[in-house]
Amino acid sequence: MNLFDLSLKLNGFPIKEAEIALREIQKKSDIEFEAHIIEKKQAIVSHHLKETPFYKQLAKHVNPLDWNSIPIMTKRDLQQSLDERLSINFTRKNVYINKTSGSSGNPFVFAKDKFCHALTWALIKDRFGWYHLDFNSSKQARFYGIPLDRKGYYKERFKDALSKRYRFSVFDLSDKAFHGYLEKFKSTKFDYINGYTSSLVQFAKFLQKKNMLLKQVCSSLKACIVTSEMLFEDDKKLMELQFGIPVINEYGASELDIIAFQNLKNEWQVTSETLFVEILDDNNKILPHGEEGRIVITSFYNKAHPFIRYDIGDIGILSKQSTSKKPILEKLIGRTNDMAILPSGKKAAGLTFYYITKSIIEDDGHVKEFIIEQHKKDTFIIKYVSTKVLSPEKMTLISNEMEHYLEKGLQVNFERLNRLERSKSGKLKQFSSLLKETE
C-alpha cells in the first residue's frame with residue numbers, strides 16, 4: 001500500500017472500501033442512478049430521525065417520503081456543542097472532527113464518520129485522477145495557509161510530508177518571497193499546484209512582470225487546481241499563460257466534499273455520487289435548472305452528523321443540461337452573506353462590486369490586489385496594495401462605473417495599504433459587508 005493510503009488506513013479511514021463503494025456508484029446507469037438518489041435521500045433522513053436526537057428535534061413532524069417536508073438546515077442551527085449534535089453510538093473518539101473556516105461568518109465544529117471521510121478522500125483521488133494526478137506519487141506545490149502555533153505548524157508539515165506536498169505560505173506575497181518560491185520550483189519536480197486563487201493570481205502577476213513561464217522553470221508541472229475563492233475568467237487566462245499549464249476550478253466545503261470539480265470538457269461537474277445539490281428561492285422552493293438561487297446540499301453518507309438540506313451560504317445556478325447523474329454547476333455567484341444592500345433597498349451580490357472594479361483597477365498596472373468593504377448602505381471602501389497611489393482620474397472612473405452598474409449616490413473611498421489582511425487560514429475575502437443586519 002502506498003504511503004498516503006497507508007496513513008489514512010492507520011488513522012482508521014477505510015480508503016480501499018470507500019474506493020470500491022465509489023466505483024459501484026459510478027457504474028450505475030442513468031435510470032439506476034435516479035433510483036439510487038431517491039433511496040439515499042430517504043435513508044439518510046430516516047437514519048438521523050432515528051439515531052440523532054438533535055436532528056429529530058430540528059425536523060419535527062417530517063415525512064421522510066415527502067422531500068419538501070424536510071426542513072432547511074442552516075449554519076446557525078449547528079452552532080452548538082458537537083456532543084449535542086452527534087448521532088447515537090458516535091463520540092468524539094470514533095469520528096473525524098474538523099471546523100469550518102468561518103468565511104461565512106458562522107463557523108462551527110463538525111464531524112464525519114470514518115467511512116464518510118474515507119469516501120471524501122476516494123472522491124478527491126478520483127477527480128484528481130481525471131488529470132493523471134495521484135496522491136500517492138504526484139508531488140504537490142501547495143499554496144495554503146498554515147497554523148502559526150508550534151503544534152499546529154508541525155502537524156501540518158507532517159501531513160504535507162505524508163501527502164507528498166510542499167507548502168508555500170500565502171501570508172507573504174512579496175517579490176522577495178516569490179523569488180524564493182521560484183528557486184524551489186527550479187529544484188523540485190512538482191507535478192501540480194494546488195491552492196487559494198488569490199495567492200496564485202499574485203504569483204502569476206509576479207511571473208508576468210518577470211516575463212517568465214513557470215513550466216519552463218519546472219517542466220514536470222501538469223496542472224494547477226484552485227479552490228476556496230472565486231476564480232474569474234481573466235485571472236484563469238493569466239495563470240494559464242504564466243504557468244503554462246491548465247487551471248482547474250474546484251468548489252468544495254470541508255464539512256461536505258468536493259461540491260463541483262472542472263471536468264475534461266471544461267464543465268463544473270457536481271459530485272452526485274455523495275451529495276444531492278438543490279437550488280432554492282427565498283421561500284425554500286426548488287428552482288428549475290437555469291435559475292439563480294441558494295445552494296442547498298444533502299450529504300448521503302455522513303451517519304455521525306446530519307447535513308440534510310444544508311444551506312451552505314452560497315448562490316449559484318445549475319445548468320439546464322444537468323442530469324441526475326451528472327449535474328453541472330453553471331455559475332457560482334457568491335455567498336448569501338456577501339449581499340450588498342443599497343440605499344434604494346436594492347440588493348446586489350457583493351462580487352458584482354469587485355468584478356466591476358477589477359476590470360478597471362488592474363489596467364492600472366501598479367495595483368497588486370484589492371478588496372471592497374461596505375461600511376454604510378451608500379459607502380464603500382476599496383483597500384488596495386499598489387506600487388503607486390491610484391490617480392484621481394482612475395478613482396473617479398471606478399466610482400462612476402459602480403454607480404452606472406448599480407445606482408446613483410454611492411460614495412466610494414480608497415485606502416492604499418502595504419498588505420491586505422487575510423483570514424487565519426490564508427484566504428482573502430474579496431467583498432465584505434460590515435452593515436449590521438438591522439441596517
# chains A, B, ... in the order shown; residues from 1 in each chain; ligands from 1
>>> select_by_dssp(residues="region 32-245 of chain A", states="helix (DSSP H, G or I)", output="PyMOL selection string")
chain A and resi 32-51+53-58+67-69+76-78+82-85+114-129+150-162+175-187+197-209+214-217+233-243
>>> residues_around(residues="Phe261 (chain A)", least_positions_apart="4", cutoff="7 Å", atoms="only C-alpha atoms", output="ChimeraX atom specification")
/A:249-251,268-270
>>> write_last_selection(atoms="C-alpha atoms", output="PDB file, in the first residue's frame")
ATOM      1  CA  ASN A 249     -11.521  25.061 -10.796  1.00  0.00           C
ATOM      2  CA  GLU A 250     -12.643  23.277  -7.625  1.00  0.00           C
ATOM      3  CA  TYR A 251     -15.592  24.209  -5.388  1.00  0.00           C
ATOM      4  CA  TRP A 268     -18.131  22.253 -13.419  1.00  0.00           C
ATOM      5  CA  GLN A 269     -19.361  18.737 -12.595  1.00  0.00           C
ATOM      6  CA  VAL A 270     -21.281  18.408  -9.328  1.00  0.00           C
TER       7      VAL A 270
END
>>> residues_around(residues="region 286-288 of chain A", least_positions_apart="6", cutoff="9 Å", atoms="only C-alpha atoms", output="tab-separated table (two decimals) with N, CA, C and O atoms, in the first residue's frame")
chain	number	residue	atom	x	y	z
A	68	ASN	N	-40.18	17.67	0.31
A	68	ASN	CA	-40.49	19.09	0.57
A	68	ASN	C	-40.81	19.36	2.04
A	68	ASN	O	-40.83	20.51	2.47
A	278	GLU	N	-29.38	21.11	-4.47
A	278	GLU	CA	-30.60	21.79	-4.91
A	278	GLU	C	-30.35	23.29	-4.99
A	278	GLU	O	-29.49	23.82	-4.29
A	279	ILE	N	-31.14	23.96	-5.83
A	279	ILE	CA	-31.14	25.42	-5.89
A	279	ILE	C	-32.52	25.90	-5.45
A	279	ILE	O	-33.54	25.54	-6.06
A	280	LEU	N	-32.55	26.68	-4.36
A	280	LEU	CA	-33.83	27.12	-3.78
A	280	LEU	C	-33.99	28.62	-3.85
A	280	LEU	O	-33.00	29.38	-3.83
A	318	LEU	N	-27.63	25.86	-11.49
A	318	LEU	CA	-27.38	24.57	-12.13
A	318	LEU	C	-27.76	24.69	-13.61
A	318	LEU	O	-28.80	25.26	-13.95
A	320	LYS	N	-29.05	23.94	-17.37
A	320	LYS	CA	-30.22	23.27	-17.94
A	320	LYS	C	-29.84	21.90	-18.51
A	320	LYS	O	-30.71	21.06	-18.72
>>> closest_residue(among="A:Phe13, A:Phe115, A:Phe276, A:Phe206", to="Lys176 (chain A)", atoms="only C-alpha atoms")
A:Phe206
>>> select_by_dssp(residues="region 189-385 of chain A", states="strand (DSSP E or B)", output="PyMOL selection string")
chain A and resi 192-196+223-227+247-252+258-262+268-270+275-280+286+292-299+310-318+328-335+339-341+347-349+367-376+379-385
>>> atom_distance(atom1="CA of Thr298 (chain A)", atom2="CA of Asn11 (chain A)")
25.9 Å
>>> residues_around(residues="region 35-48 of chain A", least_positions_apart="4", cutoff="12 Å", atoms="only C-alpha atoms", output="VMD selection string")
chain A and resid 24 to 31 52 to 60 62 to 71 85 to 88 272 to 277 297 to 309 323 to 325
>>> residues_around(residues="Phe353 (chain A)", least_positions_apart="2", cutoff="10 Å", atoms="only C-alpha atoms", output="list in words")
Ala340, Ala348, Ala349, Gly350, Leu351, Tyr355, Ile356, Thr357, Lys358, Ile371, Ile372, Glu373, Gln374, Phe380, Ile382, Ile398, Glu401, Met402, Tyr405, Leu406, Gln430 and Phe431 of chain A
>>> closest_residue(among="A:Lys210, A:Lys376, A:Lys408, A:Lys237", to="Ser432 (chain A)", atoms="only C-alpha atoms")
A:Lys376
>>> residues_around(residues="region 74-78 of chain A", least_positions_apart="2", cutoff="9 Å", atoms="only C-alpha atoms", output="list of chain:residue names")
A:Leu58, A:Ile72, A:Gln80, A:Ser81, A:Leu82, A:Arg85, A:Ser104, A:Asn106, A:Pro107, A:Phe108, A:Val109, A:Phe110, A:Arg309, A:Tyr310, A:Asp311, A:Ile312, A:Gly313
